[in-house]
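Next comes structure_25.csv, a file with CSV, C-alpha atoms.
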chain,number,residue,atom,x,y,z
E,1,MET,CA,17.4,6.0,0.0
E,2,ASN,CA,16.9,5.9,3.7
E,3,SER,CA,13.7,7.8,3.5
E,4,VAL,CA,12.2,5.6,0.8
E,5,PHE,CA,12.8,2.5,2.9
E,6,ASN,CA,10.8,3.1,6.0
E,7,ARG,CA,10.9,0.6,8.9
E,8,PRO,CA,8.1,-1.8,7.8
E,9,LEU,CA,9.4,-1.8,4.3
E,10,LYS,CA,13.0,-2.6,5.6
E,11,VAL,CA,11.6,-5.5,7.7
E,12,ALA,CA,9.5,-6.9,4.8
E,13,ALA,CA,12.2,-6.6,2.1
E,14,GLY,CA,15.0,-7.7,4.5
E,15,SER,CA,13.2,-10.8,5.7
E,16,PHE,CA,12.1,-11.7,2.2
E,17,LEU,CA,15.7,-11.5,0.9
E,18,VAL,CA,17.1,-13.5,3.9
E,19,LEU,CA,14.4,-16.2,3.7
E,20,THR,CA,14.7,-16.5,-0.1
E,21,CYS,CA,18.5,-16.9,0.3
E,22,ALA,CA,17.8,-19.6,2.9
E,23,PHE,CA,15.5,-21.5,0.5
E,24,ILE,CA,18.2,-21.5,-2.1
E,25,ALA,CA,20.8,-22.6,0.4
E,26,PHE,CA,18.6,-25.6,1.6
E,27,ALA,CA,17.7,-26.5,-2.0
E,28,LEU,CA,21.4,-26.6,-3.0
E,29,ALA,CA,22.3,-28.6,0.2
E,30,GLY,CA,19.7,-31.1,-0.9
E,31,ARG,CA,20.9,-31.2,-4.5
E,32,PHE,CA,24.5,-31.8,-3.5
E,33,GLY,CA,23.6,-34.5,-0.9
E,34,LEU,CA,24.6,-32.5,2.1
E,35,MET,CA,21.2,-32.9,3.6
E,36,ASP,CA,18.5,-35.6,3.7
E,37,ALA,CA,15.7,-34.9,1.1
E,38,VAL,CA,13.0,-35.1,3.8
E,39,ALA,CA,14.9,-32.7,6.0
E,40,VAL,CA,15.3,-30.3,3.1
E,41,GLN,CA,11.5,-30.5,2.4
E,42,ARG,CA,10.7,-29.8,6.1
E,43,ALA,CA,13.2,-26.9,6.3
E,44,ILE,CA,11.9,-25.2,3.1
E,45,GLY,CA,8.2,-25.8,4.2
E,46,ALA,CA,9.0,-24.2,7.6
E,47,LEU,CA,10.7,-21.3,6.0
E,48,VAL,CA,7.7,-20.7,3.7
E,49,GLY,CA,5.6,-20.6,6.9
E,50,ILE,CA,8.0,-18.1,8.5
E,51,LEU,CA,7.8,-16.0,5.3
E,52,LEU,CA,4.0,-16.0,5.5
E,53,VAL,CA,4.1,-15.0,9.2
E,54,THR,CA,6.7,-12.2,8.6
E,55,ILE,CA,4.9,-10.7,5.5
E,56,GLY,CA,1.5,-11.2,7.1
E,57,ASN,CA,2.6,-9.5,10.3
E,58,VAL,CA,4.0,-6.4,8.6
E,59,LEU,CA,1.3,-6.2,5.8
E,60,PRO,CA,-1.2,-3.9,7.8
E,61,LYS,CA,1.7,-1.6,8.6
E,62,LEU,CA,3.2,-1.7,5.1
E,63,ARG,CA,-0.2,-0.6,3.7
E,64,PRO,CA,0.6,-1.3,0.0
E,65,PHE,CA,-2.9,-0.3,-1.1
E,66,SER,CA,-4.0,2.2,1.4
E,67,ALA,CA,-1.0,4.4,2.3
E,68,PRO,CA,-1.7,8.0,1.4
E,69,PRO,CA,-2.0,9.3,-1.3
E,70,HIS,CA,-2.4,6.0,-3.1
E,71,PHE,CA,-5.5,5.1,-1.2
E,72,VAL,CA,-7.8,2.3,-2.4
E,73,PRO,CA,-11.2,2.3,-0.6
E,74,GLY,CA,-11.5,-0.8,1.5
E,75,GLY,CA,-7.8,-1.2,1.4
E,76,PRO,CA,-7.1,-1.1,5.2
E,77,GLU,CA,-9.8,-3.8,5.9
E,78,VAL,CA,-8.3,-6.1,3.2
E,79,GLU,CA,-4.8,-5.6,4.4
E,80,ARG,CA,-5.7,-6.3,8.0
E,81,PHE,CA,-7.7,-9.4,7.0
E,82,ALA,CA,-4.8,-10.6,4.8
E,83,GLY,CA,-2.3,-9.9,7.5
E,84,TRP,CA,-4.1,-11.9,10.2
E,85,LEU,CA,-4.9,-14.8,7.8
E,86,LEU,CA,-1.3,-15.0,6.5
E,87,VAL,CA,0.1,-15.1,10.1
E,88,CYS,CA,-2.3,-17.8,11.1
E,89,VAL,CA,-1.7,-19.8,8.0
E,90,GLY,CA,2.0,-19.3,8.4
E,91,LEU,CA,2.0,-20.7,12.0
E,92,VAL,CA,0.0,-23.7,10.8
E,93,HIS,CA,2.4,-24.2,7.9
E,94,VAL,CA,5.4,-24.2,10.3
E,95,ALA,CA,3.7,-26.6,12.7
E,96,LEU,CA,2.7,-29.0,10.0
E,97,PHE,CA,6.2,-29.1,8.4
E,98,LEU,CA,7.8,-29.6,11.8
E,99,PHE,CA,5.6,-32.2,13.3
E,100,ALA,CA,3.4,-33.9,10.7
E,101,PRO,CA,4.5,-36.7,8.3
E,102,PRO,CA,6.0,-35.0,5.2
E,103,GLY,CA,3.3,-36.2,2.7
E,104,VAL,CA,0.5,-35.0,4.9
E,105,ALA,CA,2.3,-31.7,5.7
E,106,ARG,CA,3.0,-30.9,2.1
E,107,MET,CA,-0.6,-31.5,1.0
E,108,ALA,CA,-2.4,-29.9,4.0
E,109,ALA,CA,-0.1,-26.8,4.1
E,110,SER,CA,-0.5,-26.2,0.3
E,111,VAL,CA,-4.3,-26.5,0.4
E,112,ILE,CA,-4.4,-24.2,3.4
E,113,ALA,CA,-2.1,-21.6,1.8
E,114,ALA,CA,-4.0,-21.8,-1.5
E,115,GLY,CA,-7.3,-21.4,0.4
E,116,ALA,CA,-5.9,-18.3,2.2
E,117,LEU,CA,-4.9,-16.7,-1.1
E,118,VAL,CA,-8.4,-17.4,-2.5
E,119,ALA,CA,-10.0,-15.9,0.6
E,120,VAL,CA,-7.8,-12.7,0.4
E,121,GLY,CA,-8.6,-12.4,-3.3
E,122,ALA,CA,-12.4,-12.8,-2.6
E,123,LYS,CA,-12.3,-10.3,0.2
E,124,ALA,CA,-10.4,-7.8,-2.0
E,125,ILE,CA,-12.9,-8.1,-4.8
E,126,TRP,CA,-15.8,-7.8,-2.3
E,127,HIS,CA,-14.4,-4.6,-0.8
E,128,VAL,CA,-13.4,-3.0,-4.2
E,129,ARG,CA,-16.9,-3.7,-5.6
E,130,GLY,CA,-18.5,-2.3,-2.4
E,131,ASN,CA,-16.4,0.8,-2.2
E,132,SER,CA,-16.1,1.7,-5.9
E,133,ARG,CA,-18.9,4.2,-5.7
E,134,SER,CA,-17.3,6.2,-2.9
E,135,ASP,CA,-13.9,6.2,-4.7
E,136,ALA,CA,-14.2,9.7,-6.0
E,137,SER,CA,-15.3,11.2,-2.7
E,138,THR,CA,-12.5,9.4,-0.8
E,139,ARG,CA,-9.8,10.6,-3.2
E,140,ALA,CA,-11.0,14.2,-3.2
E,141,GLY,CA,-8.9,16.5,-1.0
E,142,THR,CA,-6.0,14.1,-0.6
E,143,THR,CA,-2.5,15.4,-1.1
E,144,PRO,CA,-0.8,14.6,-4.4
E,145,ALA,CA,1.8,11.8,-4.6
E,146,SER,CA,5.4,12.8,-4.1
E,147,PRO,CA,8.2,11.0,-6.1
E,148,GLN,CA,9.3,9.4,-2.8
E,149,THR,CA,5.9,8.0,-1.9
E,150,THR,CA,5.3,6.7,-5.4
E,151,GLN,CA,8.7,5.0,-5.4
E,152,ARG,CA,7.9,3.4,-2.0
E,153,ARG,CA,4.6,2.2,-3.2
E,154,ASN,CA,6.2,0.7,-6.3
E,155,ILE,CA,8.8,-1.2,-4.2
E,156,LYS,CA,5.9,-2.6,-2.1
E,157,VAL,CA,4.1,-3.8,-5.2
E,158,TRP,CA,7.2,-5.5,-6.5
E,159,LEU,CA,7.9,-7.1,-3.2
E,160,LEU,CA,4.3,-8.4,-2.9
E,161,THR,CA,4.5,-9.7,-6.5
E,162,ALA,CA,7.7,-11.6,-5.7
E,163,PHE,CA,6.2,-12.9,-2.5
E,164,LEU,CA,3.1,-14.2,-4.3
E,165,TYR,CA,5.3,-15.8,-6.9
E,166,VAL,CA,7.4,-17.6,-4.3
E,167,LEU,CA,4.2,-18.7,-2.5
E,168,LEU,CA,2.5,-20.0,-5.6
E,169,THR,CA,5.7,-21.9,-6.7
E,170,SER,CA,5.9,-23.6,-3.3
E,171,ILE,CA,2.2,-24.5,-3.4
E,172,LEU,CA,2.6,-25.9,-6.9
E,173,ALA,CA,5.8,-27.8,-6.1
E,174,ALA,CA,4.1,-29.4,-3.1
E,175,LEU,CA,0.9,-30.3,-4.8
E,176,GLY,CA,2.4,-31.6,-8.0
E,177,ASP,CA,5.6,-33.3,-6.6
E,178,GLY,CA,7.1,-35.2,-9.6
E,179,GLN,CA,3.9,-34.9,-11.7
E,180,PRO,CA,4.4,-34.0,-15.4
E,181,TRP,CA,1.7,-31.4,-15.3
E,182,ALA,CA,3.6,-29.6,-12.5
E,183,HIS,CA,6.7,-29.3,-14.7
E,184,ARG,CA,4.6,-27.8,-17.6
E,185,LEU,CA,2.8,-25.4,-15.2
E,186,GLU,CA,6.2,-24.4,-13.7
E,187,SER,CA,7.4,-23.2,-17.1
E,188,VAL,CA,4.1,-21.4,-17.7
E,189,MET,CA,4.5,-19.7,-14.3
E,190,ILE,CA,8.0,-18.5,-15.1
E,191,ILE,CA,6.7,-17.0,-18.3
E,192,GLY,CA,3.7,-15.6,-16.4
E,193,PHE,CA,6.0,-14.0,-13.8
E,194,ALA,CA,8.1,-12.4,-16.5
E,195,VAL,CA,5.0,-11.0,-18.3
E,196,THR,CA,3.6,-9.8,-14.9
E,197,CYS,CA,6.9,-8.0,-14.2
E,198,ALA,CA,6.8,-6.3,-17.6
E,199,VAL,CA,3.2,-5.2,-17.2
E,200,LEU,CA,3.8,-3.9,-13.7
E,201,PHE,CA,6.9,-2.0,-14.9
E,202,VAL,CA,4.8,-0.3,-17.6
E,203,LEU,CA,1.9,0.5,-15.3
E,204,LEU,CA,4.1,1.8,-12.4
E,205,GLU,CA,6.3,3.8,-14.7
E,206,ARG,CA,3.2,5.5,-16.2
E,207,GLN,CA,2.1,6.5,-12.7
E,208,ARG,CA,5.5,7.9,-11.7
E,209,PRO,CA,5.2,11.7,-11.2
E,210,HIS,CA,7.5,13.8,-13.4
E,211,ARG,CA,9.9,15.9,-11.4
V,1,MET,CA,-6.9,6.5,21.3
V,2,LEU,CA,-5.7,3.2,19.7
V,3,SER,CA,-9.0,1.6,20.6
V,4,LEU,CA,-11.0,4.4,19.0
V,5,LEU,CA,-8.9,4.2,15.9
V,6,ARG,CA,-9.3,0.4,15.8
V,7,GLU,CA,-13.0,1.0,15.0
V,8,ARG,CA,-12.3,3.4,12.0
V,9,PRO,CA,-10.0,6.3,11.0
V,10,ARG,CA,-11.0,9.5,12.7
V,11,SER,CA,-10.1,13.2,12.4
V,12,ALA,CA,-8.0,15.0,15.0
V,13,GLY,CA,-11.0,17.0,16.2
V,14,GLU,CA,-13.2,13.9,16.5
V,15,LEU,CA,-10.5,12.2,18.6
V,16,ALA,CA,-10.0,15.3,20.7
V,17,ASP,CA,-13.7,15.3,21.7
V,18,TYR,CA,-13.2,12.0,23.6
V,19,PHE,CA,-10.4,13.3,25.9
V,20,HIS,CA,-10.5,16.2,28.3
V,21,VAL,CA,-7.1,17.6,27.4
V,22,SER,CA,-5.9,20.6,25.6
V,23,ARG,CA,-5.2,20.6,21.8
V,24,PRO,CA,-1.4,20.9,22.2
V,25,THR,CA,-1.4,17.9,24.6
V,26,MET,CA,-3.4,15.9,22.0
V,27,SER,CA,-0.9,16.9,19.3
V,28,ALA,CA,1.9,15.7,21.5
V,29,HIS,CA,0.2,12.3,21.9
V,30,PHE,CA,-0.4,12.1,18.2
V,31,ALA,CA,3.2,12.8,17.5
V,32,VAL,CA,4.4,10.1,19.9
V,33,LEU,CA,2.1,7.5,18.4
V,34,ARG,CA,3.1,8.5,14.9
V,35,GLU,CA,6.8,8.4,15.8
V,36,ALA,CA,6.2,4.9,17.2
V,37,GLY,CA,4.7,3.9,13.8
V,38,LEU,CA,1.4,2.9,15.4
V,39,ILE,CA,-0.8,5.5,13.6
V,40,SER,CA,-0.6,7.3,10.4
V,41,SER,CA,-2.0,10.7,9.5
V,42,GLU,CA,-3.4,11.8,6.1
V,43,LYS,CA,-4.5,15.3,5.0
V,44,HIS,CA,-8.0,15.5,3.6
V,45,GLY,CA,-8.5,19.1,2.6
V,46,LYS,CA,-8.3,21.0,5.8
V,47,TRP,CA,-8.8,17.9,8.0
V,48,VAL,CA,-6.1,15.6,9.3
V,49,VAL,CA,-7.4,12.1,9.5
V,50,TYR,CA,-5.6,9.5,11.7
V,51,ALA,CA,-5.7,5.8,11.0
V,52,LEU,CA,-4.4,2.8,12.8
V,53,GLN,CA,-1.1,1.4,11.4
V,54,MET,CA,-0.3,-1.6,13.6
V,55,SER,CA,1.3,-4.9,12.7
V,56,VAL,CA,-0.6,-8.1,13.5
V,57,LEU,CA,1.7,-8.8,16.5
V,58,GLU,CA,1.1,-5.2,17.8
V,59,GLU,CA,-2.6,-5.6,17.4
V,60,ALA,CA,-2.6,-8.9,19.2
V,61,LEU,CA,-0.5,-7.4,22.0
V,62,LEU,CA,-3.0,-4.5,22.3
V,63,ALA,CA,-6.0,-6.9,22.4
V,64,PHE,CA,-4.1,-9.1,25.0
V,65,THR,CA,-3.3,-6.0,27.1
V,66,GLN,CA,-6.9,-4.8,27.0
V,67,ALA,CA,-8.1,-8.3,27.9
V,68,PHE,CA,-5.6,-8.5,30.7
V,69,GLY,CA,-6.5,-5.0,31.9
V,70,TRP,CA,-10.1,-6.0,32.0
V,71,GLU,CA,-9.2,-9.1,33.9
V,72,LEU,CA,-7.2,-7.0,36.4
V,73,ARG,CA,-10.1,-4.6,36.9
V,74,ALA,CA,-12.6,-7.6,37.2
V,75,SER,CA,-10.4,-9.3,39.8
V,76,ALA,CA,-9.9,-6.0,41.7
V,77,ARG,CA,-13.7,-5.6,41.7
V,78,GLY,CA,-14.1,-9.1,42.9
V,79,ARG,CA,-11.5,-8.5,45.7
V,80,ARG,CA,-13.3,-5.3,46.7
V,81,LYS,CA,-16.7,-7.2,46.8
V,82,ARG,CA,-15.2,-10.0,48.8
V,83,SER,CA,-13.5,-7.6,51.4
V,84,ALA,CA,-16.8,-5.6,51.6
V,85,ARG,CA,-18.7,-8.9,52.3
V,86,ARG,CA,-16.1,-9.9,54.9
V,87,GLU,CA,-16.4,-6.5,56.6
V,88,ALA,CA,-20.2,-6.8,56.6
V,89,GLU,CA,-20.2,-10.2,58.2
V,90,PRO,CA,-20.5,-10.1,62.0

If you convert what's in this file into structure tokens, what do you get?
Amino acid sequence: MNSVFNRPLKVAAGSFLVLTCAFIAFALAGRFGLMDAVAVQRAIGALVGILLVTIGNVLPKLRPFSAPPHFVPGGPEVERFAGWLLVCVGLVHVALFLFAPPGVARMAASVIAAGALVAVGAKAIWHVRGNSRSDASTRAGTTPASPQTTQRRNIKVWLLTAFLYVLLTSILAALGDGQPWAHRLESVMIIGFAVTCAVLFVLLERQRPHR
Amino acid sequence: MLSLLRERPRSAGELADYFHVSRPTMSAHFAVLREAGLISSEKHGKWVVYALQMSVLEEALLAFTQAFGWELRASARGRRKRSARREAEP
């Protein structure tokens, strides 16, 4: 267990769990009237920013798509770009929710976070397309995957999927606050998350090396 | 070494060419950096390729340190020039 969870993975998983528990705690405090609604919004927004900074900071070290032997060509560049962008966006997110008026902070932070996700996606597509030809030559000669490294990679993929889900939900909740379309989209997102988990489970289990 | 790896991943031999030290010394340096989690090594056939594995904060600190080092060198150079000028003055 200790060897599967290396230091970056421990930091990423630990901070994700702690911050998710904090979201729930603040949401419950708001629901039961222990905290002012605006203060809850500010706290949750700032926590999303801290989550972005934490995951972004550790992403180039975590190397979900470039750690050997599961090397994706162009992976390190995309991970580095995503890391820097998420850290910057996270800092802006925190600053907006701490100092800007709540309405402005919600809208601006969501648009910036959504823009960052689109930018990372575009960069990933650009690199995968550019490096697809050299894929075979890059993979040649690498050592085969051990059960431990495969398990580690799978945990990273699950973690990033959960992170993406939390981020998308927060963006959606901020953009469509109280709108009927937001409620419909939220239920679609829950179904989408369940389907994504099922597909990931099948894909990752197929790649798991047999002992 | 970190600056070289910042450009792109390099093999052990390629990195060793940049430094006038013995192979065991280089291996010891690689081991220290790998132990600190700053670089990762990957075996490609008979080659060991090293790649940078730094968090955003570590990379920012490295850049800051390099910039600060450059500043120190620049200010030292400026001080030397100023003192040389002072000595040259009658």

Sort by chain and increasing residue number a table of all residues of region 3-89 of chain E within 12 Å of region 23-36 of chain V, each with its closest pair of atoms and their distance in Å to one decimal, counting only C-alpha atoms, and write it as a tab-separated table.
residue	atom	partner	partner_atom	distance
E:Asn6	CA	V:Glu35	CA	11.8
E:Arg7	CA	V:Ala36	CA	10.5
E:Pro8	CA	V:Ala36	CA	11.7
E:Lys61	CA	V:Ala36	CA	11.7

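Ranking E:Val38, E:Val18, E:Val11, E:Val58 by their shortest atom-to-atom distance to chain V, with only C-alpha atoms included, puts E:Val58 first.
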
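Each of E:Leu96, E:Ala43, E:Phe81, E:Ile50 was checked against chain V using all atoms listed in the file; the smallest atom-to-atom distance is that of E:Phe81.
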
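Taking CA of Lys43 (chain V) and CA of Ile155 (chain E) as endpoints, the distance between them is 23.1 Å.
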
Near chain E, which residues of chain V fall within 9 Å when you count only C-alpha atoms, and what do they look like as an NGL selection string?
:V and (37-38 or 40-46 or 52-58)

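Reported to one decimal place, the separation of CA of Ser15 (chain E) from CA of Met189 (chain E) is 23.6 Å.
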
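Counting from CA of Val94 (chain E), the distance to CA of Thr169 (chain E) is 17.2 Å.
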
Name all residues at most 12 Å from region 101-115 of chain E (count only C-alpha atoms; drop same-chain ones fewer than 4 positions away) and give them as a ChimeraX atom specification.
/E:37-46,48-49,51-53,82,85-97,119-122,164,166-177

How would the residues just picked look written out with C-alpha atoms as a CSV table (one decimal), keeping the file's coordinate frame?
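Dumped to again.csv:
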chain,number,residue,atom,x,y,z
E,37,ALA,CA,15.7,-34.9,1.1
E,38,VAL,CA,13.0,-35.1,3.8
E,39,ALA,CA,14.9,-32.7,6.0
E,40,VAL,CA,15.3,-30.3,3.1
E,41,GLN,CA,11.5,-30.5,2.4
E,42,ARG,CA,10.7,-29.8,6.1
E,43,ALA,CA,13.2,-26.9,6.3
E,44,ILE,CA,11.9,-25.2,3.1
E,45,GLY,CA,8.2,-25.8,4.2
E,46,ALA,CA,9.0,-24.2,7.6
E,48,VAL,CA,7.7,-20.7,3.7
E,49,GLY,CA,5.6,-20.6,6.9
E,51,LEU,CA,7.8,-16.0,5.3
E,52,LEU,CA,4.0,-16.0,5.5
E,53,VAL,CA,4.1,-15.0,9.2
E,82,ALA,CA,-4.8,-10.6,4.8
E,85,LEU,CA,-4.9,-14.8,7.8
E,86,LEU,CA,-1.3,-15.0,6.5
E,87,VAL,CA,0.1,-15.1,10.1
E,88,CYS,CA,-2.3,-17.8,11.1
E,89,VAL,CA,-1.7,-19.8,8.0
E,90,GLY,CA,2.0,-19.3,8.4
E,91,LEU,CA,2.0,-20.7,12.0
E,92,VAL,CA,0.0,-23.7,10.8
E,93,HIS,CA,2.4,-24.2,7.9
E,94,VAL,CA,5.4,-24.2,10.3
E,95,ALA,CA,3.7,-26.6,12.7
E,96,LEU,CA,2.7,-29.0,10.0
E,97,PHE,CA,6.2,-29.1,8.4
E,119,ALA,CA,-10.0,-15.9,0.6
E,120,VAL,CA,-7.8,-12.7,0.4
E,121,GLY,CA,-8.6,-12.4,-3.3
E,122,ALA,CA,-12.4,-12.8,-2.6
E,164,LEU,CA,3.1,-14.2,-4.3
E,166,VAL,CA,7.4,-17.6,-4.3
E,167,LEU,CA,4.2,-18.7,-2.5
E,168,LEU,CA,2.5,-20.0,-5.6
E,169,THR,CA,5.7,-21.9,-6.7
E,170,SER,CA,5.9,-23.6,-3.3
E,171,ILE,CA,2.2,-24.5,-3.4
E,172,LEU,CA,2.6,-25.9,-6.9
E,173,ALA,CA,5.8,-27.8,-6.1
E,174,ALA,CA,4.1,-29.4,-3.1
E,175,LEU,CA,0.9,-30.3,-4.8
E,176,GLY,CA,2.4,-31.6,-8.0
E,177,ASP,CA,5.6,-33.3,-6.6

Determine, counting only C-alpha atoms, which protein, DNA and RNA residues have an atom within 7 Å of an atom of region 3-12 of chain V; residues of the same chain fewer than 4 positions away are not included. Present the result as a PyMOL selection string.
chain V and resi 16+47-52
